[in-house]
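J.: Pasting in a structure now, in structure tokens, and then I'll have a few things to ask.
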Amino acid sequence: MTGVVIIPAYNPDEKLKKIVDDIYELGFEIVIVNDGSEEKCNEVFHSVSDVANIITHPVNKGKGTAIKTALNFIKDNKDTEEIVIGIMDADGQHDPWDVANVMSYAWATRENAIVLGVRKIDAKMPVKSRVANEITRIVYCINTGIWVSDTQTGLRAFKGTLIDFLCRVKGERYEYEMNMLLKASREKIPIEEVPIKTIYHDEENSCSHFHKVRNSIRIYKDIIKFSVCSITSFFLDYGLFVLFNILLSGTLYGMLLSNILARILSASYNYYMNTTRVFHKKCDRKNAVRYLFLATGIMVGNTVLLAVYIKIGLPAYIAKIFTEITLFFISFYIQRFVIFRKETFS
């Protein structure tokens, strides 16, 4: 087994030399990508060039691009069947022994897993990092059905056989790391975890170039688009319900018939929007049949819930709102994991 450690570096300081020396002493080969750093950093890179491969981007292209540059370099120069690869940050937040442990775990596992070095999310972590990580891992779980303890860790390891897969993951900057987890979940690649030390140099984690809010937004895209589609579908459904209810005199049976007609029309709109705008699928027969079953089930459940809410004394228009809220999350999960499930992520 050959171990290769990738270190994307943007404007590193003297800590990089200590990191490289420690990793080299552990017996790993090292690939550093100078991602458009300032000229004043040239001395730092030169000081480690005797034990590390240095690849230079003339301008800053982002962490994701730097990682893929290193992966392609390894692919061109190594037997990918016989290596394990680790990725670590250049800011001194990863203990070299933790890097070794995570890489050893990745090599020992029988499956082609992505192994994450996960930090303990507690009061010792800077507040901004802790809040961003808490939000992101919850939304990641909602979006994929998988719980990951530390979605934003920069310490990861995997076998060389995953290089082609990882080079296909989209993303040029920090969103690449999140896209890696999203694509892995959708292609059934296991995500494993190994606990590591939590190292911060100050309370604000000022040495990190990660912009937590901006780079966390990427994971929310699907659920935000689904929510927008659902909201517009709701207003269409609600408007049609009110219109039909007025035309059909407002009796209980008239309300239920109005609900059914409104659901049929709004569901047609919802199917088209979710297919083409949210989950990026073609309007094919297989998906249409699945959605028809879902829409029928939702319509029946919607009508039953509406009748129950009305029977217990809620006004029809208020009951309609409660009904839609109740069924929103059920609809999302079924569409995400059954109707529009993805084998690839783009």
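All residue names refer to the structure tokens as shown: chains lettered A, B, ... in order, residues numbered from 1 in each chain, ligands numbered from 1 in order.
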Residues near Asn302 of chain A, anyone? I mean within 12 Å using only C-alpha atoms, not counting same-chain ones fewer than 6 positions away, as a PyMOL selection string.
T.: chain A and resi 237+256-260+262-264+294-296+308-309+319-328+330-331
J.: Mind the document's chain letters and residue numbers, and return as a PyMOL selection string the residues of segment 36-130 of chain A that DSSP labels strand (DSSP E).
T.: chain A and resi 53-57+83-87+114-118
J.: Between A:Met88, A:Ala316, A:Met103, A:Ile54, which residue has the minimum interatomic distance to Leu252 of chain A, considering only C-alpha atoms?
T.: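 Selected residue with least distance to Leu252 of chain A: A:Ala316.
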J.: Just how far from atom CA of Val118 of chain A is atom CA of His94 of chain A, in Å to one decimal?
T.: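 We find that atom CA of His94 of chain A and atom CA of Val118 of chain A lie 10.6 Å from each other.
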J.: Would you mind reading off the distance between atom CA of Leu243 of chain A and atom CA of Ser230 of chain A, one decimal, in Å?
T.: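 Atom CA of Ser230 of chain A lies 19.6 Å from atom CA of Leu243 of chain A.
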J.: Among segment 96-183 of chain A, which ones does DSSP place in helix (DSSP H, G or I), written as a VMD selection string?
T.: chain A and resid 96 to 108 127 to 144 160 to 168 175 to 183
J.: Which one is closest to Val300 of chain A: A:Tyr271, A:Leu116, A:Leu261, A:Cys229? Count only C-alpha atoms.
T.: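 Counting only C-alpha atoms, the residue closest to Val300 of chain A is A:Leu261.
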J.: When you draw a straight line from atom CA of Lys40 of chain A to atom CA of Ala90 of chain A, how long is it in Å?
T.: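 Spanning atom CA of Lys40 of chain A to atom CA of Ala90 of chain A is a straight-line distance of 16.1 Å.
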J.: With distances taken over only C-alpha atoms, which of A:Asp95, A:Glu39, A:Glu111, A:Asp89 is nearest to Lys159 of chain A?
T.: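 Closest candidate: A:Glu111.
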J.: Can you list, as a list in words, every protein, DNA or RNA residue that comes within 8 Å of Arg137 of chain A when you count only C-alpha atoms, leaving out same-chain residues fewer than 4 positions away?
T.: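 Once the adjacent positions are removed, what remains is Asn133, Cys141, Trp147, Val148, Ser149, Asp150 and Thr151 of chain A.
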J.: For segment 14-28 of chain A, please output as a PDB file with N, CA and C atoms, in the first residue's frame all residues within 6 Å (counting only C-alpha atoms; exclusion window: fewer than 6 positions along the same chain).
T.:
```pdb
ATOM      1  N   GLY A   3       0.602   5.391   0.454  1.00  0.00           N
ATOM      2  CA  GLY A   3      -0.266   6.458   0.929  1.00  0.00           C
ATOM      3  C   GLY A   3       0.171   7.797   0.357  1.00  0.00           C
ATOM      4  N   VAL A   4      -0.790   8.543  -0.196  1.00  0.00           N
ATOM      5  CA  VAL A   4      -0.500   9.861  -0.757  1.00  0.00           C
ATOM      6  C   VAL A   4      -1.409  10.878  -0.087  1.00  0.00           C
ATOM      7  N   ALA A  90      -4.133  22.882   5.048  1.00  0.00           N
ATOM      8  CA  ALA A  90      -2.773  23.398   5.203  1.00  0.00           C
ATOM      9  C   ALA A  90      -2.633  24.344   6.388  1.00  0.00           C
ATOM     10  N   PRO A  96      -1.218  15.077  12.231  1.00  0.00           N
ATOM     11  CA  PRO A  96      -0.730  14.077  11.281  1.00  0.00           C
ATOM     12  C   PRO A  96      -1.071  12.645  11.658  1.00  0.00           C
TER      13      PRO A  96
END
```
J.: Could you give me, as a PyMOL selection string, the residues within 9 Å of Leu181 of chain A, counting only C-alpha atoms and dropping anything in the same chain fewer than 4 positions from it?
T.: chain A and resi 114+140+151+176-177+185-186+191
J.: Write a file of the selected residues as an mmCIF file, in the first residue's frame, keeping all heavy atoms.
T.:
```cif
data_model
loop_
_atom_site.group_PDB
_atom_site.id
_atom_site.type_symbol
_atom_site.label_atom_id
_atom_site.label_comp_id
_atom_site.auth_asym_id
_atom_site.auth_seq_id
_atom_site.Cartn_x
_atom_site.Cartn_y
_atom_site.Cartn_z
ATOM 1 N N ILE A 114 -15.748 6.518 1.498
ATOM 2 C CA ILE A 114 -15.130 7.799 1.820
ATOM 3 C C ILE A 114 -15.117 7.901 3.340
ATOM 4 O O ILE A 114 -16.167 7.814 3.983
ATOM 5 C CB ILE A 114 -15.914 8.969 1.203
ATOM 6 C CG1 ILE A 114 -15.833 8.906 -0.324
ATOM 7 C CG2 ILE A 114 -15.372 10.310 1.707
ATOM 8 C CD1 ILE A 114 -16.700 9.941 -1.026
ATOM 9 N N TYR A 140 -28.430 18.222 5.469
ATOM 10 C CA TYR A 140 -27.880 17.114 4.681
ATOM 11 C C TYR A 140 -28.655 15.833 4.949
ATOM 12 O O TYR A 140 -28.966 15.073 4.027
ATOM 13 C CB TYR A 140 -26.404 16.913 5.013
ATOM 14 C CG TYR A 140 -25.772 15.750 4.288
ATOM 15 C CD1 TYR A 140 -25.329 15.879 2.983
ATOM 16 C CD2 TYR A 140 -25.635 14.506 4.913
ATOM 17 C CE1 TYR A 140 -24.765 14.803 2.311
ATOM 18 C CE2 TYR A 140 -25.074 13.433 4.258
ATOM 19 C CZ TYR A 140 -24.632 13.589 2.956
ATOM 20 O OH TYR A 140 -24.079 12.517 2.291
ATOM 21 N N THR A 151 -20.077 17.394 8.509
ATOM 22 C CA THR A 151 -20.129 17.545 7.047
ATOM 23 C C THR A 151 -19.040 18.461 6.513
ATOM 24 O O THR A 151 -18.735 18.437 5.325
ATOM 25 C CB THR A 151 -21.496 18.105 6.610
ATOM 26 O OG1 THR A 151 -21.713 19.360 7.263
ATOM 27 C CG2 THR A 151 -22.623 17.146 6.931
ATOM 28 N N TYR A 176 -17.294 21.888 -3.239
ATOM 29 C CA TYR A 176 -16.878 20.569 -3.730
ATOM 30 C C TYR A 176 -16.949 19.513 -2.630
ATOM 31 O O TYR A 176 -17.379 18.378 -2.875
ATOM 32 C CB TYR A 176 -15.458 20.638 -4.286
ATOM 33 C CG TYR A 176 -14.882 19.290 -4.649
ATOM 34 C CD1 TYR A 176 -15.225 18.663 -5.844
ATOM 35 C CD2 TYR A 176 -14.004 18.625 -3.785
ATOM 36 C CE1 TYR A 176 -14.705 17.424 -6.174
ATOM 37 C CE2 TYR A 176 -13.488 17.387 -4.107
ATOM 38 C CZ TYR A 176 -13.834 16.789 -5.307
ATOM 39 O OH TYR A 176 -13.329 15.548 -5.620
ATOM 40 N N GLU A 177 -16.540 19.878 -1.421
ATOM 41 C CA GLU A 177 -16.527 18.907 -0.332
ATOM 42 C C GLU A 177 -17.940 18.447 0.022
ATOM 43 O O GLU A 177 -18.162 17.274 0.339
ATOM 44 C CB GLU A 177 -15.826 19.505 0.889
ATOM 45 C CG GLU A 177 -14.349 19.754 0.646
ATOM 46 C CD GLU A 177 -13.657 20.447 1.809
ATOM 47 O OE1 GLU A 177 -14.154 21.506 2.243
ATOM 48 O OE2 GLU A 177 -12.642 19.923 2.289
ATOM 49 N N SER A 185 -23.716 9.817 -1.464
ATOM 50 C CA SER A 185 -24.971 9.283 -0.930
ATOM 51 C C SER A 185 -25.871 8.797 -2.048
ATOM 52 O O SER A 185 -26.593 7.813 -1.891
ATOM 53 C CB SER A 185 -25.685 10.353 -0.098
ATOM 54 O OG SER A 185 -26.194 11.387 -0.921
ATOM 55 N N ARG A 186 -25.835 9.463 -3.185
ATOM 56 C CA ARG A 186 -26.739 9.113 -4.285
ATOM 57 C C ARG A 186 -26.195 7.993 -5.161
ATOM 58 O O ARG A 186 -26.934 7.377 -5.918
ATOM 59 C CB ARG A 186 -27.043 10.365 -5.100
ATOM 60 C CG ARG A 186 -27.920 11.314 -4.285
ATOM 61 C CD ARG A 186 -28.000 12.694 -4.851
ATOM 62 N NE ARG A 186 -28.744 13.545 -3.903
ATOM 63 C CZ ARG A 186 -28.850 14.842 -4.006
ATOM 64 N NH1 ARG A 186 -28.283 15.482 -5.005
ATOM 65 N NH2 ARG A 186 -29.538 15.528 -3.111
ATOM 66 N N ILE A 191 -20.170 6.175 3.508
ATOM 67 C CA ILE A 191 -19.463 7.257 4.190
ATOM 68 C C ILE A 191 -19.195 6.787 5.611
ATOM 69 O O ILE A 191 -20.120 6.538 6.374
ATOM 70 C CB ILE A 191 -20.298 8.548 4.194
ATOM 71 C CG1 ILE A 191 -20.550 9.030 2.756
ATOM 72 C CG2 ILE A 191 -19.593 9.633 4.999
ATOM 73 C CD1 ILE A 191 -21.500 10.206 2.662
#
```
J.: Using only C-alpha atoms, which protein or nucleic acid residues come within 12 Å of Cys167 of chain A? Drop anything in the same chain fewer than 2 positions from it, and give the result as a PyMOL selection string.
T.: chain A and resi 64-75+160-165+169-172+176-177+179-180+183
J.: Pick from A:Thr198, A:Thr136, A:Asn34, A:Thr80: nearest to Gly92 of chain A, with only C-alpha atoms counted?
T.: A:Thr198
J.: Given the choices A:Leu155, A:Ile231, A:Ile318, A:Val33, which gets closest to Gln93 of chain A if the distance is worked out from only C-alpha atoms?
T.: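 So, comparing all the options, the nearest one is A:Leu155.
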